Amino acid sequence: MIERVTLPVLKDNYAFVLHDAASGSTAVVDVADHAPILAELDKRGWPLTDIWITHHHWDHIDGLAPLLDACAARSWSPRVVAARADMHRLPADLITYQTCDGDTFMFGDIPVHVMDVSGHTVGHIAFHLPEIATLFTADSLMALGCGRLFEGTPAQMWDSLQKLRALPAQTIVCSGHEYTQSNAAFAITVDPDNAALKARIADITAKRAQNLPTVPSVLQLEIETNPFLRADNAALKTAIGMSGATDLEAFTEIRARKDRF
């Protein structure tokens, strides 16, 4: 059995802990702050075997060194997986497995497929575990959004999002932040006639009123409601006054509007 824990860290980040009871393997995806992660591992009695890093931003890696120190004190030696393309700005001395797009490594008996999803940063990776229909996207595909383009181009992000959109519709999307409510407020401005989006906004509002997480989400729901995945949708293009635009042009405009929102 695979258990997944969605763990709030910092103000609005999420780390994810994945445990495979059969092999005893335990992974954490991104380490903004080591303390909540360590507390969860100790509470559950799960020795850490893997740390998977999606990209170099501080709010995804600042807890890595202290987490590894705590692991050493417990005689744990986790494998630290990160993108080869990011080695020049990650703490390379702490990375034990460098990976790239198309690579596959094992988590217990479960294959983990690495996808380059550049856009938010260049060299950002996602981890896809098709056997358990789970995808860790961090700041590429987000719940009702996508990451701001700090380094990559609109073309890179649109390409990345199309790759992710092509995965099985029931894939669980584990993204890196609790931004869904603010993303929803923007989404309805560019996709105002989307009934599925309106229903999702009602659900998000109810969850946040109870301080419940809106992450993970399901890919099918993102396909139906996330404007960044719907830049090729004719109705959305019409709604933003770009009915004759290419898909990339529409995506670029949607991203620019979100940046100003």
# chains A, B, ... in the order shown; residues from 1 in each chain; ligands from 1

call {"tool": "select_by_dssp", "arguments": {"residues": "region 44-190 of chain A", "states": "strand (DSSP E or B)", "output": "ChimeraX atom specification"}}
result
/A:50-52,79-83,97-99,104-107,110-116,125-129,134-138,141-142,145-146,172-175,177

call {"tool": "residues_around", "arguments": {"residues": "Ala15 (chain A)", "least_positions_apart": "3", "cutoff": "8 Å", "atoms": "only C-alpha atoms", "output": "list of chain:residue names"}}
result
A:Thr6, A:Leu7, A:Pro8, A:Val9, A:Val28, A:Val29, A:Asp30, A:Val31, A:Ala32, A:Ile37, A:Gly176

call {"tool": "write_last_selection", "arguments": {"atoms": "C-alpha atoms", "output": "short mmCIF file (atom, residue, chain, number, x, y, z; two decimals), in the first residue's frame"}}
result
data_model
loop_
_atom_site.label_atom_id
_atom_site.label_comp_id
_atom_site.auth_asym_id
_atom_site.auth_seq_id
_atom_site.Cartn_x
_atom_site.Cartn_y
_atom_site.Cartn_z
CA THR A 6 0.16 16.44 2.00
CA LEU A 7 2.21 18.50 4.44
CA PRO A 8 1.81 22.28 4.80
CA VAL A 9 5.14 24.06 5.25
CA VAL A 28 9.69 13.54 0.42
CA VAL A 29 9.15 15.88 -2.51
CA ASP A 30 10.77 19.30 -1.97
CA VAL A 31 12.06 20.57 1.35
CA ALA A 32 11.16 24.17 2.13
CA ILE A 37 8.79 16.95 7.54
CA GLY A 176 3.63 23.06 -4.56
#

call {"tool": "residues_around", "arguments": {"residues": "Ala256 (chain A)", "least_positions_apart": "4", "cutoff": "10 Å", "atoms": "only C-alpha atoms", "output": "JSON, numbers by chain"}}
result
{"A": [148, 149, 154, 250, 251, 252, 260, 261]}

call {"tool": "atom_distance", "arguments": {"atom1": "CA of Phe150 (chain A)", "atom2": "CA of Ser175 (chain A)"}}
result
17.3 Å

call {"tool": "residues_around", "arguments": {"residues": "Asp103 (chain A)", "least_positions_apart": "2", "cutoff": "12 Å", "atoms": "only C-alpha atoms", "output": "PyMOL selection string"}}
result
chain A and resi 81-84+97-101+105-106+111-116+125-128

call {"tool": "closest_residue", "arguments": {"among": "A:Trp76, A:Tyr179, A:Phe186, A:Phe16", "to": "Thr225 (chain A)", "atoms": "only C-alpha atoms"}}
result
A:Phe186

call {"tool": "atom_distance", "arguments": {"atom1": "CA of Thr238 (chain A)", "atom2": "CA of Val190 (chain A)"}}
result
9.5 Å

call {"tool": "residues_around", "arguments": {"residues": "Asn194 (chain A)", "least_positions_apart": "4", "cutoff": "12 Å", "atoms": "only C-alpha atoms", "output": "ChimeraX atom specification"}}
result
/A:184,187-190,198-201,223-227,230,233,235-236,239

call {"tool": "closest_residue", "arguments": {"among": "A:Ala21, A:Thr96, A:Glu40, A:Met157", "to": "Ile110 (chain A)", "atoms": "only C-alpha atoms"}}
result
A:Ala21

call {"tool": "select_by_dssp", "arguments": {"residues": "region 12-251 of chain A", "states": "helix (DSSP H, G or I)", "output": "NGL selection string"}}
result
:A and (34-44 or 58-61 or 64-73 or 84-86 or 92-94 or 130-132 or 154-165 or 180-190 or 195-209 or 219-225 or 234-239 or 247-251)

call {"tool": "residues_around", "arguments": {"residues": "Ser75 (chain A)", "least_positions_apart": "4", "cutoff": "12 Å", "atoms": "only C-alpha atoms", "output": "PyMOL selection string"}}
result
chain A and resi 47-49+68-71

call {"tool": "residues_around", "arguments": {"residues": "Arg165 (chain A)", "least_positions_apart": "2", "cutoff": "10 Å", "atoms": "only C-alpha atoms", "output": "VMD selection string"}}
result
chain A and resid 141 159 to 163 167 to 169 171 219 to 220 222 to 223 229 to 230

call {"tool": "closest_residue", "arguments": {"among": "A:Ile132, A:Ala245, A:Cys146, A:Leu41", "to": "Gly119 (chain A)", "atoms": "only C-alpha atoms"}}
result
A:Cys146

call {"tool": "closest_residue", "arguments": {"among": "A:His55, A:Ala143, A:Arg74, A:Pro192", "to": "His124 (chain A)", "atoms": "only C-alpha atoms"}}
result
A:His55

call {"tool": "closest_residue", "arguments": {"among": "A:Asp139, A:Glu249, A:Asp93, A:Asp191", "to": "Ala65 (chain A)", "atoms": "only C-alpha atoms"}}
result
A:Asp93

call {"tool": "atom_distance", "arguments": {"atom1": "CA of Ala155 (chain A)", "atom2": "CA of Gln170 (chain A)"}}
result
25.8 Å
